[in-house]
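Dumped model05.cif below, it's mmCIF, C-alpha atoms and all ligand atoms:
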```cif
data_query
#
loop_
_atom_site.group_PDB
_atom_site.id
_atom_site.type_symbol
_atom_site.label_atom_id
_atom_site.label_comp_id
_atom_site.auth_asym_id
_atom_site.auth_seq_id
_atom_site.Cartn_x
_atom_site.Cartn_y
_atom_site.Cartn_z
ATOM 1 C CA MET A 83 129.922 109.458 116.722
ATOM 2 C CA SER A 84 132.295 107.910 114.290
ATOM 3 C CA GLU A 85 135.422 109.159 112.676
ATOM 4 C CA CYS A 86 135.335 106.514 110.041
ATOM 5 C CA GLY A 87 135.077 108.284 106.720
ATOM 6 C CA ALA A 88 134.245 105.224 104.681
ATOM 7 C CA SER A 89 130.555 105.997 104.653
ATOM 8 C CA GLY A 90 129.030 109.383 105.188
ATOM 9 C CA PRO A 91 125.866 111.180 104.225
ATOM 10 C CA SER A 92 127.277 111.703 100.758
ATOM 11 C CA SER A 93 127.277 107.961 100.200
ATOM 12 C CA ILE A 94 123.517 108.095 99.930
ATOM 13 C CA GLU A 95 122.475 109.233 96.528
ATOM 14 C CA CYS A 96 119.191 110.098 94.911
ATOM 15 C CA ARG A 97 118.674 106.598 93.589
ATOM 16 C CA GLN A 98 119.089 105.112 97.009
ATOM 17 C CA ILE A 99 116.747 107.708 98.441
ATOM 18 C CA ALA A 100 114.101 106.698 95.933
ATOM 19 C CA ASP A 101 114.761 103.082 96.819
ATOM 20 C CA LEU A 102 114.370 103.616 100.538
ATOM 21 C CA LEU A 103 111.564 106.121 100.451
ATOM 22 C CA GLY A 104 108.772 103.603 100.903
ATOM 23 C CA ASP A 105 110.361 102.213 104.034
ATOM 24 C CA TYR A 106 111.269 105.689 105.169
ATOM 25 C CA LEU A 107 107.715 106.975 105.022
ATOM 26 C CA GLU A 108 106.468 103.839 106.743
ATOM 27 C CA GLY A 109 108.934 104.492 109.529
ATOM 28 C CA ALA A 110 110.523 101.124 108.920
ATOM 29 C CA LEU A 111 114.092 102.398 108.754
ATOM 30 C CA PRO A 112 116.552 102.755 111.614
ATOM 31 C CA ARG A 113 116.975 106.286 112.879
ATOM 32 C CA GLU A 114 120.451 106.622 111.459
ATOM 33 C CA THR A 115 119.267 105.846 107.942
ATOM 34 C CA ARG A 116 116.296 108.162 108.304
ATOM 35 C CA GLU A 117 118.579 110.964 109.325
ATOM 36 C CA LEU A 118 120.809 110.352 106.340
ATOM 37 C CA ILE A 119 117.805 110.520 104.055
ATOM 38 C CA GLU A 120 116.515 113.699 105.666
ATOM 39 C CA TRP A 121 119.976 115.186 105.448
ATOM 40 C CA HIS A 122 120.132 114.432 101.743
ATOM 41 C CA ILE A 123 116.619 115.640 100.987
ATOM 42 C CA GLU A 124 117.247 118.949 102.711
ATOM 43 C CA GLY A 125 119.862 119.803 100.137
ATOM 44 C CA CYS A 126 118.336 118.139 97.107
ATOM 45 C CA ALA A 127 115.370 119.744 95.357
ATOM 46 C CA PRO A 128 114.603 116.807 93.030
ATOM 47 C CA CYS A 129 114.317 114.512 96.034
ATOM 48 C CA VAL A 130 111.986 116.947 97.803
ATOM 49 C CA ALA A 131 109.721 116.857 94.771
ATOM 50 C CA PHE A 132 109.950 113.085 94.722
ATOM 51 C CA VAL A 133 109.034 112.795 98.394
ATOM 52 C CA ASN A 134 106.043 115.069 97.906
ATOM 53 C CA THR A 135 104.820 113.016 94.988
ATOM 54 C CA TYR A 136 105.307 109.822 96.946
ATOM 55 C CA ARG A 137 103.477 111.223 99.948
ATOM 56 C CA GLY A 138 100.636 112.309 97.694
ATOM 57 C CA THR A 139 100.337 108.783 96.413
ATOM 58 C CA ILE A 140 100.209 107.385 99.922
ATOM 59 C CA ASP A 141 97.588 109.930 100.949
ATOM 60 C CA ALA A 142 95.506 108.976 97.952
ATOM 61 C CA ALA A 143 95.817 105.315 98.910
ATOM 62 C CA LYS A 144 94.726 106.132 102.469
ATOM 63 C CA LYS A 145 91.718 108.020 101.189
ATOM 64 C CA LEU A 146 90.859 105.054 99.041
ATOM 65 C CA ARG A 147 90.974 102.893 102.124
ATOM 66 C CA GLU A 148 88.467 105.137 103.845
ATOM 67 C CA VAL A 149 86.081 104.622 101.010
ATOM 68 C CA GLU A 150 84.047 101.498 101.411
ATOM 69 C CA ILE A 151 85.751 98.656 99.663
ATOM 70 C CA PRO A 152 84.093 95.269 99.414
ATOM 71 C CA HIS A 153 85.859 92.747 101.643
ATOM 72 C CA GLU A 154 86.544 90.453 98.762
ATOM 73 C CA LEU A 155 88.276 93.187 96.772
ATOM 74 C CA LYS A 156 90.247 94.296 99.810
ATOM 75 C CA LYS A 157 91.492 90.764 100.330
ATOM 76 C CA ARG A 158 92.528 90.516 96.731
ATOM 77 C CA LEU A 159 94.346 93.837 96.843
ATOM 78 C CA LEU A 160 96.235 92.792 99.956
ATOM 79 C CA THR A 161 97.224 89.532 98.317
ATOM 80 C CA VAL A 162 98.523 91.350 95.275
ATOM 81 C CA LEU A 163 100.443 93.810 97.407
ATOM 82 C CA ARG A 164 102.010 90.998 99.414
ATOM 83 C CA THR A 165 103.114 89.044 96.394
ATOM 84 C CA GLN A 166 104.670 92.164 94.935
ATOM 85 C CA ARG A 167 106.860 92.656 97.940
ATOM 86 C CA VAL A 168 110.098 91.097 96.847
ATOM 87 C CA PRO A 169 112.721 90.679 99.539
ATOM 88 C CA LYS A 170 116.027 92.339 98.786
ATOM 89 C CA PRO A 171 119.152 90.218 98.812
HETATM 90 ZN ZN ZN B 1 118.623 113.650 95.829
#
```

Could you rewrite the structure in this file as structure tokens?
Ligand SMILES: [Zn+2]
Amino acid sequence: MSECGASGPSSIECRQIADLLGDYLEGALPRETRELIEWHIEGCAPCVAFVNTYRGTIDAAKKLREVEIPHELKKRLLTVLRTQRVPKP
């Protein structure tokens, strides 16, 4: 509970939602942030569509993982994914 009005749910906008969505779906965000995102998405149709698309992509990736992938290729994919993860300032 905070009465500080400097930052509220409205401070999170669609762009930020899109930015945080990966972490959100991975469950990597603190509860407070997750709640802000959910709060925003509930009242924002474009973001709902975006989340669904994003989820679909993740599901597709999971299905791909279930398919047999040669170890060498898997390793390479993981390396690529790791190098693409750029830490935010
Ligand atoms: Zn939105």

**Item:** Which residue of A:Arg158, A:Arg116, A:His122, A:Arg147 approaches ligand ZN 1 (chain B) most closely, using all atoms listed in the file
**Value:**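 Checking each of A:Arg158, A:Arg116, A:His122, A:Arg147 against ligand ZN 1 (chain B), counting all atoms listed in the file, the winner is A:His122.
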
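Computed from the coordinates, the atom CA of A:Cys96 to atom CA of A:Leu118 distance equals 11.5 Å.
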
**Distance in Å - atom CA of A:Ile123 versus atom CA of A:Ile99** =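 Separation between atom CA of A:Ile123 and atom CA of A:Ile99: 8.3 Å.
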
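Reported to one decimal place, the separation of atom CA of A:Asn134 from atom CA of A:Leu107 is 10.9 Å.
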
Neighbour list for A:Glu120 as a tab-separated table (two decimals) with C-alpha atoms, in the frame of the given file, cut-off 10 Å, only C-alpha atoms, skip fewer than 4 positions in-chain:
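Listing of around.tsv after writing:
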```tsv
chain	number	residue	atom	x	y	z
A	91	PRO	CA	125.87	111.18	104.22
A	99	ILE	CA	116.75	107.71	98.44
A	106	TYR	CA	111.27	105.69	105.17
A	114	GLU	CA	120.45	106.62	111.46
A	115	THR	CA	119.27	105.85	107.94
A	116	ARG	CA	116.30	108.16	108.30
A	124	GLU	CA	117.25	118.95	102.71
A	125	GLY	CA	119.86	119.80	100.14
A	126	CYS	CA	118.34	118.14	97.11
A	129	CYS	CA	114.32	114.51	96.03
A	130	VAL	CA	111.99	116.95	97.80
```

The centre and edge lengths of an axis-aligned box containing all atoms of stretch 94-110 of chain A present in the file, extended by 8 Å on each side, are to be given in Å to one decimal, as JSON.
```
{"center_x": 115.0, "center_y": 105.6, "center_z": 101.6, "size_x": 33.0, "size_y": 25.0, "size_z": 31.9}
```

**Message:** Restricting the calculation to only C-alpha atoms and all ligand atoms: of A:Ile119, A:Ala143, A:Leu155, A:Leu102, which residue gets closest to ligand ZN 1 (chain B)?
**Reply:**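 Smallest separation from ligand ZN 1 (chain B) among the options: A:Ile119.
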
**Prompt:** Which residue gives the smallest distance to A:Val133 among A:Gln98, A:Thr165, A:Leu160, A:Gly104, with all atoms listed in the file counted?
**Reply:**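 Looking only at the distances to A:Val133, the closest residue turns out to be A:Gly104.
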
**Prompt:** With all atoms listed in the file as the basis for distance, which of A:Asp101, A:Leu146, A:Glu117, A:Pro128 is at the shortest distance from ligand ZN 1 (chain B)?
**Reply:** A:Pro128

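With distances taken over all atoms listed in the file, A:Ala127 is the one residue among A:Leu159, A:Leu103, A:Ala127, A:Leu111 lying closest to ligand ZN 1 (chain B).
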
**Which residue of A:Arg137, A:Ala142, A:Glu95, A:Lys156 approaches ligand ZN 1 (chain B) most closely, using all atoms listed in the file** =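 Looking at the shortest contact to ligand ZN 1 (chain B), the residue is A:Glu95.
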
Please produce stretch 103-127 of chain A, completed to N, CA and C atoms, as a CSV table (one decimal), in the frame of the given file.
```csv
chain,number,residue,atom,x,y,z
A,103,LEU,N,112.6,105.2,100.1
A,103,LEU,CA,111.6,106.1,100.5
A,103,LEU,C,110.3,105.4,101.0
A,104,GLY,N,109.9,104.3,100.4
A,104,GLY,CA,108.8,103.6,100.9
A,104,GLY,C,108.9,103.2,102.4
A,105,ASP,N,110.1,102.6,102.7
A,105,ASP,CA,110.4,102.2,104.0
A,105,ASP,C,110.5,103.4,105.0
A,106,TYR,N,111.1,104.5,104.4
A,106,TYR,CA,111.3,105.7,105.2
A,106,TYR,C,109.9,106.3,105.6
A,107,LEU,N,109.0,106.4,104.7
A,107,LEU,CA,107.7,107.0,105.0
A,107,LEU,C,106.9,106.1,105.9
A,108,GLU,N,107.2,104.8,105.9
A,108,GLU,CA,106.5,103.8,106.7
A,108,GLU,C,107.1,103.8,108.1
A,109,GLY,N,108.2,104.5,108.2
A,109,GLY,CA,108.9,104.5,109.5
A,109,GLY,C,109.6,103.2,109.8
A,110,ALA,N,110.0,102.5,108.8
A,110,ALA,CA,110.5,101.1,108.9
A,110,ALA,C,112.1,101.1,109.0
A,111,LEU,N,112.6,102.3,108.8
A,111,LEU,CA,114.1,102.4,108.8
A,111,LEU,C,114.7,102.8,110.1
A,112,PRO,N,115.9,102.3,110.4
A,112,PRO,CA,116.6,102.8,111.6
A,112,PRO,C,116.8,104.3,111.6
A,113,ARG,N,116.9,104.8,112.8
A,113,ARG,CA,117.0,106.3,112.9
A,113,ARG,C,118.1,106.8,112.1
A,114,GLU,N,119.3,106.1,112.1
A,114,GLU,CA,120.5,106.6,111.5
A,114,GLU,C,120.2,106.8,110.0
A,115,THR,N,119.6,105.8,109.4
A,115,THR,CA,119.3,105.8,107.9
A,115,THR,C,118.3,107.0,107.6
A,116,ARG,N,117.3,107.1,108.5
A,116,ARG,CA,116.3,108.2,108.3
A,116,ARG,C,117.0,109.5,108.3
A,117,GLU,N,117.9,109.7,109.2
A,117,GLU,CA,118.6,111.0,109.3
A,117,GLU,C,119.4,111.2,108.1
A,118,LEU,N,120.0,110.2,107.6
A,118,LEU,CA,120.8,110.4,106.3
A,118,LEU,C,119.9,110.8,105.2
A,119,ILE,N,118.7,110.2,105.1
A,119,ILE,CA,117.8,110.5,104.1
A,119,ILE,C,117.3,112.0,104.2
A,120,GLU,N,117.0,112.3,105.4
A,120,GLU,CA,116.5,113.7,105.7
A,120,GLU,C,117.6,114.7,105.3
A,121,TRP,N,118.8,114.3,105.7
A,121,TRP,CA,120.0,115.2,105.4
A,121,TRP,C,120.1,115.4,103.9
A,122,HIS,N,120.0,114.3,103.2
A,122,HIS,CA,120.1,114.4,101.7
A,122,HIS,C,119.0,115.3,101.1
A,123,ILE,N,117.8,115.0,101.6
A,123,ILE,CA,116.6,115.6,101.0
A,123,ILE,C,116.7,117.1,101.2
A,124,GLU,N,117.2,117.5,102.4
A,124,GLU,CA,117.2,118.9,102.7
A,124,GLU,C,118.0,119.7,101.7
A,125,GLY,N,119.0,119.1,101.1
A,125,GLY,CA,119.9,119.8,100.1
A,125,GLY,C,119.6,119.4,98.7
A,126,CYS,N,118.5,118.7,98.4
A,126,CYS,CA,118.3,118.1,97.1
A,126,CYS,C,116.9,118.4,96.7
A,127,ALA,N,116.7,119.4,95.8
A,127,ALA,CA,115.4,119.7,95.4
A,127,ALA,C,114.6,118.6,94.6
```
